[in-house]
Amino acid sequence: MPIGPVTMIGVYLVVWWTVLFAVLPLGTSKEVHEPPTDGTQWGAPRTPNLKRKFITTTWVSAVVWALIMVLLFTGWLPLPDFSRAPAL
């Protein structure tokens, strides 16, 4: 069963968001959490490094996506065929 470009993009977006939530907390445990005096949130990191985390998320997602595509195209991870109606 061929996989279309819309399915490939959809798989990449799901992988990207999943990896983003895995990458966001990285590097925040080294900070000392003192009571905020400037009105910021108690657990907010001082330097979130969001640009670096988005770049990391993008390349890690590309590697994971490529592995998933290999598994899909080789048949090790088959996608269900929803185009056919179930037999009654």
# chains A, B, ... in the order shown; residues from 1 in each chain; ligands from 1
call {"tool": "select_by_dssp", "arguments": {"residues": "chain A", "states": "helix (DSSP H, G or I)", "output": "ChimeraX atom specification"}}
result
/A:5-23,50-74
call {"tool": "write_last_selection", "arguments": {"atoms": "C-alpha atoms", "output": "PDB file, in the first residue's frame"}}
result
ATOM      1  CA  PRO A   5       2.518  12.841   0.985  1.00  0.00           C
ATOM      2  CA  VAL A   6      -0.342  13.974   3.242  1.00  0.00           C
ATOM      3  CA  THR A   7       0.152  10.897   5.430  1.00  0.00           C
ATOM      4  CA  MET A   8       3.907  11.502   5.526  1.00  0.00           C
ATOM      5  CA  ILE A   9       3.411  15.123   6.592  1.00  0.00           C
ATOM      6  CA  GLY A  10       0.846  14.057   9.188  1.00  0.00           C
ATOM      7  CA  VAL A  11       3.240  11.489  10.658  1.00  0.00           C
ATOM      8  CA  TYR A  12       6.018  14.101  10.769  1.00  0.00           C
ATOM      9  CA  LEU A  13       3.812  16.631  12.574  1.00  0.00           C
ATOM     10  CA  VAL A  14       2.767  14.089  15.204  1.00  0.00           C
ATOM     11  CA  VAL A  15       6.401  13.058  15.696  1.00  0.00           C
ATOM     12  CA  TRP A  16       7.511  16.719  15.884  1.00  0.00           C
ATOM     13  CA  TRP A  17       5.022  17.607  18.635  1.00  0.00           C
ATOM     14  CA  THR A  18       5.852  14.468  20.599  1.00  0.00           C
ATOM     15  CA  VAL A  19       9.586  15.184  20.403  1.00  0.00           C
ATOM     16  CA  LEU A  20       8.999  18.852  21.311  1.00  0.00           C
ATOM     17  CA  PHE A  21       7.397  17.898  24.622  1.00  0.00           C
ATOM     18  CA  ALA A  22      10.286  15.528  25.302  1.00  0.00           C
ATOM     19  CA  VAL A  23      12.907  18.223  24.529  1.00  0.00           C
ATOM     20  CA  LEU A  50      13.441  27.977  22.669  1.00  0.00           C
ATOM     21  CA  LYS A  51      15.200  28.529  19.333  1.00  0.00           C
ATOM     22  CA  ARG A  52      17.807  25.887  20.176  1.00  0.00           C
ATOM     23  CA  LYS A  53      15.092  23.501  21.390  1.00  0.00           C
ATOM     24  CA  PHE A  54      13.025  23.970  18.219  1.00  0.00           C
ATOM     25  CA  ILE A  55      16.077  23.267  16.057  1.00  0.00           C
ATOM     26  CA  THR A  56      16.883  20.174  18.131  1.00  0.00           C
ATOM     27  CA  THR A  57      13.252  19.063  17.900  1.00  0.00           C
ATOM     28  CA  THR A  58      13.294  19.455  14.118  1.00  0.00           C
ATOM     29  CA  TRP A  59      16.394  17.339  13.445  1.00  0.00           C
ATOM     30  CA  VAL A  60      15.509  14.667  16.029  1.00  0.00           C
ATOM     31  CA  SER A  61      12.000  14.488  14.525  1.00  0.00           C
ATOM     32  CA  ALA A  62      13.481  14.086  11.047  1.00  0.00           C
ATOM     33  CA  VAL A  63      15.555  11.099  12.226  1.00  0.00           C
ATOM     34  CA  VAL A  64      12.602   9.486  14.018  1.00  0.00           C
ATOM     35  CA  TRP A  65      10.339  10.187  11.016  1.00  0.00           C
ATOM     36  CA  ALA A  66      12.859   8.560   8.654  1.00  0.00           C
ATOM     37  CA  LEU A  67      12.945   5.462  10.867  1.00  0.00           C
ATOM     38  CA  ILE A  68       9.150   5.306  10.897  1.00  0.00           C
ATOM     39  CA  MET A  69       9.039   5.700   7.107  1.00  0.00           C
ATOM     40  CA  VAL A  70      11.531   2.836   6.703  1.00  0.00           C
ATOM     41  CA  LEU A  71       9.349   0.663   8.937  1.00  0.00           C
ATOM     42  CA  LEU A  72       6.227   1.618   6.973  1.00  0.00           C
ATOM     43  CA  PHE A  73       7.741   1.024   3.537  1.00  0.00           C
ATOM     44  CA  THR A  74       9.303  -2.310   4.506  1.00  0.00           C
TER      45      THR A  74
END
call {"tool": "atom_distance", "arguments": {"atom1": "atom CA of Ala85 of chain A", "atom2": "atom CA of Gly4 of chain A"}}
result
19.9 Å
call {"tool": "atom_distance", "arguments": {"atom1": "atom CA of Pro2 of chain A", "atom2": "atom CA of Phe82 of chain A"}}
result
13.3 Å
call {"tool": "atom_distance", "arguments": {"atom1": "atom CA of Thr37 of chain A", "atom2": "atom CA of Leu24 of chain A"}}
result
24.2 Å
call {"tool": "decode", "arguments": {"residues": "segment 8-31 of chain A", "atoms": "N, CA and C atoms", "output": "mmCIF file, in the first residue's frame"}}
result
data_model
loop_
_atom_site.group_PDB
_atom_site.id
_atom_site.type_symbol
_atom_site.label_atom_id
_atom_site.label_comp_id
_atom_site.auth_asym_id
_atom_site.auth_seq_id
_atom_site.Cartn_x
_atom_site.Cartn_y
_atom_site.Cartn_z
ATOM 1 N N MET A 8 2.528 11.270 5.090
ATOM 2 C CA MET A 8 3.907 11.502 5.526
ATOM 3 C C MET A 8 4.030 12.787 6.333
ATOM 4 N N ILE A 9 3.380 13.845 5.869
ATOM 5 C CA ILE A 9 3.411 15.123 6.592
ATOM 6 C C ILE A 9 2.698 14.978 7.935
ATOM 7 N N GLY A 10 1.573 14.277 7.944
ATOM 8 C CA GLY A 10 0.846 14.057 9.188
ATOM 9 C C GLY A 10 1.669 13.285 10.208
ATOM 10 N N VAL A 11 2.371 12.262 9.759
ATOM 11 C CA VAL A 11 3.240 11.489 10.658
ATOM 12 C C VAL A 11 4.356 12.380 11.186
ATOM 13 N N TYR A 12 4.945 13.212 10.324
ATOM 14 C CA TYR A 12 6.018 14.101 10.769
ATOM 15 C C TYR A 12 5.519 15.091 11.816
ATOM 16 N N LEU A 13 4.340 15.658 11.613
ATOM 17 C CA LEU A 13 3.812 16.631 12.574
ATOM 18 C C LEU A 13 3.541 15.988 13.935
ATOM 19 N N VAL A 14 3.005 14.782 13.934
ATOM 20 C CA VAL A 14 2.767 14.089 15.204
ATOM 21 C C VAL A 14 4.097 13.786 15.898
ATOM 22 N N VAL A 15 5.079 13.341 15.130
ATOM 23 C CA VAL A 15 6.401 13.058 15.696
ATOM 24 C C VAL A 15 7.034 14.343 16.222
ATOM 25 N N TRP A 16 6.901 15.443 15.473
ATOM 26 C CA TRP A 16 7.511 16.719 15.884
ATOM 27 C C TRP A 16 6.951 17.183 17.221
ATOM 28 N N TRP A 17 5.633 17.162 17.382
ATOM 29 C CA TRP A 17 5.022 17.607 18.635
ATOM 30 C C TRP A 17 5.404 16.695 19.793
ATOM 31 N N THR A 18 5.469 15.401 19.544
ATOM 32 C CA THR A 18 5.852 14.468 20.599
ATOM 33 C C THR A 18 7.289 14.724 21.040
ATOM 34 N N VAL A 19 8.183 14.914 20.081
ATOM 35 C CA VAL A 19 9.586 15.184 20.403
ATOM 36 C C VAL A 19 9.728 16.545 21.088
ATOM 37 N N LEU A 20 8.935 17.527 20.675
ATOM 38 C CA LEU A 20 8.999 18.852 21.311
ATOM 39 C C LEU A 20 8.739 18.746 22.809
ATOM 40 N N PHE A 21 7.712 18.005 23.201
ATOM 41 C CA PHE A 21 7.397 17.898 24.622
ATOM 42 C C PHE A 21 8.413 17.048 25.372
ATOM 43 N N ALA A 22 9.191 16.252 24.662
ATOM 44 C CA ALA A 22 10.286 15.528 25.302
ATOM 45 C C ALA A 22 11.518 16.416 25.446
ATOM 46 N N VAL A 23 11.716 17.366 24.526
ATOM 47 C CA VAL A 23 12.907 18.223 24.529
ATOM 48 C C VAL A 23 12.735 19.460 25.425
ATOM 49 N N LEU A 24 11.525 19.954 25.593
ATOM 50 C CA LEU A 24 11.310 21.199 26.351
ATOM 51 C C LEU A 24 11.896 21.188 27.758
ATOM 52 N N PRO A 25 11.762 20.129 28.544
ATOM 53 C CA PRO A 25 12.318 20.205 29.903
ATOM 54 C C PRO A 25 13.831 20.040 29.985
ATOM 55 N N LEU A 26 14.502 19.710 28.892
ATOM 56 C CA LEU A 26 15.946 19.509 28.944
ATOM 57 C C LEU A 26 16.666 20.805 29.297
ATOM 58 N N GLY A 27 17.611 20.714 30.203
ATOM 59 C CA GLY A 27 18.421 21.864 30.580
ATOM 60 C C GLY A 27 17.821 22.751 31.641
ATOM 61 N N THR A 28 16.664 22.413 32.166
ATOM 62 C CA THR A 28 16.058 23.269 33.188
ATOM 63 C C THR A 28 16.365 22.797 34.601
ATOM 64 N N SER A 29 16.892 21.604 34.782
ATOM 65 C CA SER A 29 17.140 21.098 36.137
ATOM 66 C C SER A 29 18.391 21.718 36.768
ATOM 67 N N LYS A 30 19.240 22.353 35.971
ATOM 68 C CA LYS A 30 20.463 22.966 36.493
ATOM 69 C C LYS A 30 20.210 24.310 37.164
ATOM 70 N N GLU A 31 19.034 24.865 36.970
ATOM 71 C CA GLU A 31 18.755 26.199 37.495
ATOM 72 C C GLU A 31 18.363 26.132 38.967
#
